[in-house]
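Participant: Pasting a structure here, questions to come.
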Amino acid sequence: MKRISLAISVIAAFSLAGCGSSQGQETPAETGTQSQATPAAEPAAETTPLSQEEWIELCGEDGTDPENERCFEDMGEEAESDEMGIPADEVVKIGDEFRINTFDDDNTICHWDVKVTNFETVDILKGAADNPDYDGGNDLYIDATPKDGNEFVHITYEQTNRSGVPDSLDIEAQLQFGDGEIFAPLEDDYDFYTPNLTGAHDKPAGETQNNETTAMGDWVIEVPKGSEVKAIVITNIYIGDTEEYWVEVA
């Protein structure tokens, strides 16, 4: 499960609640009493970071326990990484479902189950490109071809709303090559091919979904032909790379 570091406004509210006003209170000088020196507080004992399993047991898998302040801290220790820099306990395979949690304006946690359904490299993407000669009577989209020496990585995925309310999820993908390089979609990949193929589905990903409904989406990334792709790196568009989900390809 992906860790989430919660920066919740409740913490700020607790801090403000501890700041009282001195209005209407008598000072030691006014009462004639002598002020007493306050003993210095002992330093707080250093706590050991929770492991992921300990955090879930203490705070619950999807939220926090407001009665325990440790639930407002980081959700356990950082995961170890393998030799390619992939977080070891966050890697899934193609076809495996994983959970993405998001927050609405009220800090309510929204749950999404996401699954990469297919990964392929192709030289032609049918119906992915805008037709520059479209006049209303011919095809709106035409086949896309890569630049010389390149090929397309075409990825399909599903996302299911488990939030209990209508919501939307916008996620995007990059690739990690075998040498560790991160490769992103650019130009036509991002602006045309990905949204055109996604929009062709009956229920396109990225639009508002009711609870327990599944939408489908596509990602297209043009890469040098023969590139060794090790993993798909998925992020929430509105959060960025602070929340990453890795799907292993090879």
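Following the order of the structure tokens, first chain is A, next is B, and so on, with residues numbered from 1 inside each chain and ligands from 1 in the order they appear.
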Would you give me, as a PyMOL selection string, the residues in region 92-249 of chain A that DSSP reads as strand (DSSP E)?
Facilitator: chain A and resi 92-93+97-103+109-122+125-130+141-144+150-161+171-177+182-183+214-224+229-236+240-248
Participant: I need the residue nearest Thr213 (chain A) from this list: A:Arg162, A:His201, A:Lys225, A:Arg99. Use only C-alpha atoms for the distance.
Facilitator: A:Arg162
Participant: With a distance cut-off of 6 Å and only C-alpha atoms, select the neighbouring residues of Asp113 (chain A), excluding the residue or stretch itself and same-chain residues fewer than 2 positions from it, and output the selection as a PyMOL selection string.
Facilitator: chain A and resi 98-99+159-160
Participant: Mind giving me the straight-line distance from CA of Ala231 (chain A) to CA of Phe177 (chain A) in Å, one decimal?
Facilitator: 7.1 Å
Participant: Please identify all polymer residues within 12 Å of Lys147 (chain A), counting only C-alpha atoms, omitting same-chain residues fewer than 4 positions from it, and present them as a PyMOL selection string.
Facilitator: chain A and resi 123-124+151-152+188-189+222-225
Participant: Grab the residues selected above and save them as a CSV table (one decimal), in the first residue's frame with all heavy atoms.
Facilitator:
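Okay, this is what ended up in out-v5.csv:
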chain,number,residue,atom,x,y,z
A,123,ASP,N,4.1,-0.2,-33.8
A,123,ASP,CA,4.6,0.8,-34.8
A,123,ASP,C,3.4,1.7,-35.3
A,123,ASP,O,3.7,2.7,-36.0
A,123,ASP,CB,5.2,0.1,-36.0
A,123,ASP,CG,6.6,-0.6,-35.6
A,123,ASP,OD1,7.3,0.0,-34.7
A,123,ASP,OD2,6.9,-1.7,-36.1
A,124,ILE,N,2.2,1.2,-35.1
A,124,ILE,CA,1.0,2.0,-35.6
A,124,ILE,C,0.0,2.0,-34.4
A,124,ILE,O,-0.3,0.9,-33.8
A,124,ILE,CB,0.4,1.4,-36.8
A,124,ILE,CG1,1.4,1.4,-38.0
A,124,ILE,CG2,-0.9,2.1,-37.2
A,124,ILE,CD1,0.8,0.7,-39.3
A,151,GLU,N,9.3,3.9,-31.7
A,151,GLU,CA,8.1,3.1,-31.6
A,151,GLU,C,7.2,3.5,-30.5
A,151,GLU,O,7.7,4.3,-29.6
A,151,GLU,CB,8.5,1.6,-31.4
A,151,GLU,CG,9.2,1.3,-30.1
A,151,GLU,CD,9.7,-0.1,-30.0
A,151,GLU,OE1,9.4,-0.9,-30.9
A,151,GLU,OE2,10.4,-0.5,-29.0
A,152,PHE,N,6.0,3.1,-30.4
A,152,PHE,CA,5.1,3.5,-29.4
A,152,PHE,C,5.0,2.4,-28.3
A,152,PHE,O,4.9,1.2,-28.6
A,152,PHE,CB,3.6,3.7,-29.9
A,152,PHE,CG,3.5,4.8,-30.9
A,152,PHE,CD1,3.0,4.7,-32.1
A,152,PHE,CD2,3.8,6.1,-30.4
A,152,PHE,CE1,2.8,5.7,-33.0
A,152,PHE,CE2,3.6,7.2,-31.3
A,152,PHE,CZ,3.1,7.0,-32.6
A,188,ASP,N,2.8,15.1,-29.1
A,188,ASP,CA,1.6,14.4,-29.5
A,188,ASP,C,1.2,13.3,-28.6
A,188,ASP,O,0.0,13.0,-28.5
A,188,ASP,CB,1.8,13.9,-30.9
A,188,ASP,CG,1.9,15.0,-32.0
A,188,ASP,OD1,1.5,16.1,-31.6
A,188,ASP,OD2,2.2,14.7,-33.1
A,189,ASP,N,2.1,12.6,-28.0
A,189,ASP,CA,1.8,11.5,-27.0
A,189,ASP,C,0.8,12.0,-26.0
A,189,ASP,O,-0.2,11.4,-25.7
A,189,ASP,CB,3.1,11.0,-26.3
A,189,ASP,CG,4.1,10.5,-27.3
A,189,ASP,OD1,3.9,10.4,-28.5
A,189,ASP,OD2,5.2,10.2,-26.8
A,222,GLU,N,6.1,7.6,-26.9
A,222,GLU,CA,6.9,7.3,-28.0
A,222,GLU,C,8.4,7.2,-27.5
A,222,GLU,O,8.9,8.1,-26.9
A,222,GLU,CB,6.8,8.4,-29.1
A,222,GLU,CG,7.6,8.0,-30.3
A,222,GLU,CD,7.4,9.0,-31.5
A,222,GLU,OE1,6.3,9.7,-31.4
A,222,GLU,OE2,8.2,9.1,-32.4
A,223,VAL,N,9.0,6.0,-27.8
A,223,VAL,CA,10.4,5.8,-27.2
A,223,VAL,C,11.3,5.4,-28.4
A,223,VAL,O,10.8,4.9,-29.5
A,223,VAL,CB,10.3,4.7,-26.2
A,223,VAL,CG1,9.4,5.1,-25.0
A,223,VAL,CG2,9.9,3.3,-26.8
A,224,PRO,N,12.6,5.4,-28.2
A,224,PRO,CA,13.5,4.9,-29.2
A,224,PRO,C,13.3,3.4,-29.4
A,224,PRO,O,13.0,2.7,-28.4
A,224,PRO,CB,14.9,5.2,-28.6
A,224,PRO,CG,14.7,6.3,-27.6
A,224,PRO,CD,13.3,6.2,-27.1
A,225,LYS,N,13.3,3.0,-30.6
A,225,LYS,CA,13.0,1.6,-30.9
A,225,LYS,C,13.9,0.6,-30.2
A,225,LYS,O,15.2,0.9,-30.1
A,225,LYS,CB,13.1,1.3,-32.4
A,225,LYS,CG,12.3,0.1,-32.9
A,225,LYS,CD,12.3,0.1,-34.4
A,225,LYS,CE,11.4,-1.1,-34.9
A,225,LYS,NZ,10.0,-0.8,-34.6
Participant: List the spatial neighbours of Val165 (chain A) as JSON, numbers by chain - criterion: any atom at most 10 Å away, only C-alpha atoms, same-chain residues fewer than 6 positions off excluded.
Facilitator: {"A": [110, 111, 209, 210, 211, 212]}
Participant: Please compute the CA of Thr145 (chain A)-CA of Asn118 (chain A) distance, one decimal, in Å.
Facilitator: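 It comes out at 19.7 Å.
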Participant: What lies within 8 Å of Gly217 (chain A) using only C-alpha atoms, ignoring chain neighbours under 5 positions off, as number ranges by chain?
Facilitator: A: 156-158, 197-199, 201, 204-205
Participant: Using N, CA, C and O atoms, can you export the residues from the last selection as a PDB file, in the first residue's frame?
Facilitator:
ATOM      1  N   THR A 156      -2.767   0.199 -21.381  1.00  0.00           N
ATOM      2  CA  THR A 156      -4.173   0.377 -21.022  1.00  0.00           C
ATOM      3  C   THR A 156      -4.349   0.084 -19.535  1.00  0.00           C
ATOM      4  O   THR A 156      -3.606  -0.719 -18.949  1.00  0.00           O
ATOM      5  N   TYR A 157      -5.342   0.735 -18.921  1.00  0.00           N
ATOM      6  CA  TYR A 157      -5.570   0.553 -17.479  1.00  0.00           C
ATOM      7  C   TYR A 157      -7.046   0.734 -17.149  1.00  0.00           C
ATOM      8  O   TYR A 157      -7.829   1.262 -17.951  1.00  0.00           O
ATOM      9  N   GLU A 158      -7.408   0.278 -15.956  1.00  0.00           N
ATOM     10  CA  GLU A 158      -8.752   0.447 -15.423  1.00  0.00           C
ATOM     11  C   GLU A 158      -8.675   1.110 -14.061  1.00  0.00           C
ATOM     12  O   GLU A 158      -7.716   0.894 -13.312  1.00  0.00           O
ATOM     13  N   LEU A 197      -7.319   8.100 -27.497  1.00  0.00           N
ATOM     14  CA  LEU A 197      -7.608   6.683 -27.254  1.00  0.00           C
ATOM     15  C   LEU A 197      -8.445   6.497 -25.996  1.00  0.00           C
ATOM     16  O   LEU A 197      -9.358   5.670 -25.958  1.00  0.00           O
ATOM     17  N   THR A 198      -8.139   7.284 -24.957  1.00  0.00           N
ATOM     18  CA  THR A 198      -8.935   7.193 -23.723  1.00  0.00           C
ATOM     19  C   THR A 198     -10.378   7.604 -23.990  1.00  0.00           C
ATOM     20  O   THR A 198     -11.324   6.957 -23.517  1.00  0.00           O
ATOM     21  N   GLY A 199     -10.567   8.669 -24.746  1.00  0.00           N
ATOM     22  CA  GLY A 199     -11.914   9.156 -25.021  1.00  0.00           C
ATOM     23  C   GLY A 199     -12.755   8.216 -25.850  1.00  0.00           C
ATOM     24  O   GLY A 199     -13.983   8.372 -25.918  1.00  0.00           O
ATOM     25  N   HIS A 201     -13.252   5.101 -25.212  1.00  0.00           N
ATOM     26  CA  HIS A 201     -13.903   4.098 -24.366  1.00  0.00           C
ATOM     27  C   HIS A 201     -15.312   4.554 -23.987  1.00  0.00           C
ATOM     28  O   HIS A 201     -15.602   5.750 -23.927  1.00  0.00           O
ATOM     29  N   PRO A 204     -14.659   6.690 -20.176  1.00  0.00           N
ATOM     30  CA  PRO A 204     -13.251   7.109 -20.186  1.00  0.00           C
ATOM     31  C   PRO A 204     -12.756   7.477 -18.789  1.00  0.00           C
ATOM     32  O   PRO A 204     -13.455   8.132 -18.015  1.00  0.00           O
ATOM     33  N   ALA A 205     -11.540   7.071 -18.479  1.00  0.00           N
ATOM     34  CA  ALA A 205     -10.908   7.460 -17.219  1.00  0.00           C
ATOM     35  C   ALA A 205     -10.678   8.968 -17.209  1.00  0.00           C
ATOM     36  O   ALA A 205     -10.424   9.579 -18.241  1.00  0.00           O
TER      37      ALA A 205
END
Participant: Residues near Ile232 (chain A), anyone? I mean within 6 Å using only C-alpha atoms, not counting same-chain ones fewer than 3 positions away, as a PyMOL selection string.
Facilitator: chain A and resi 174-175+246-247
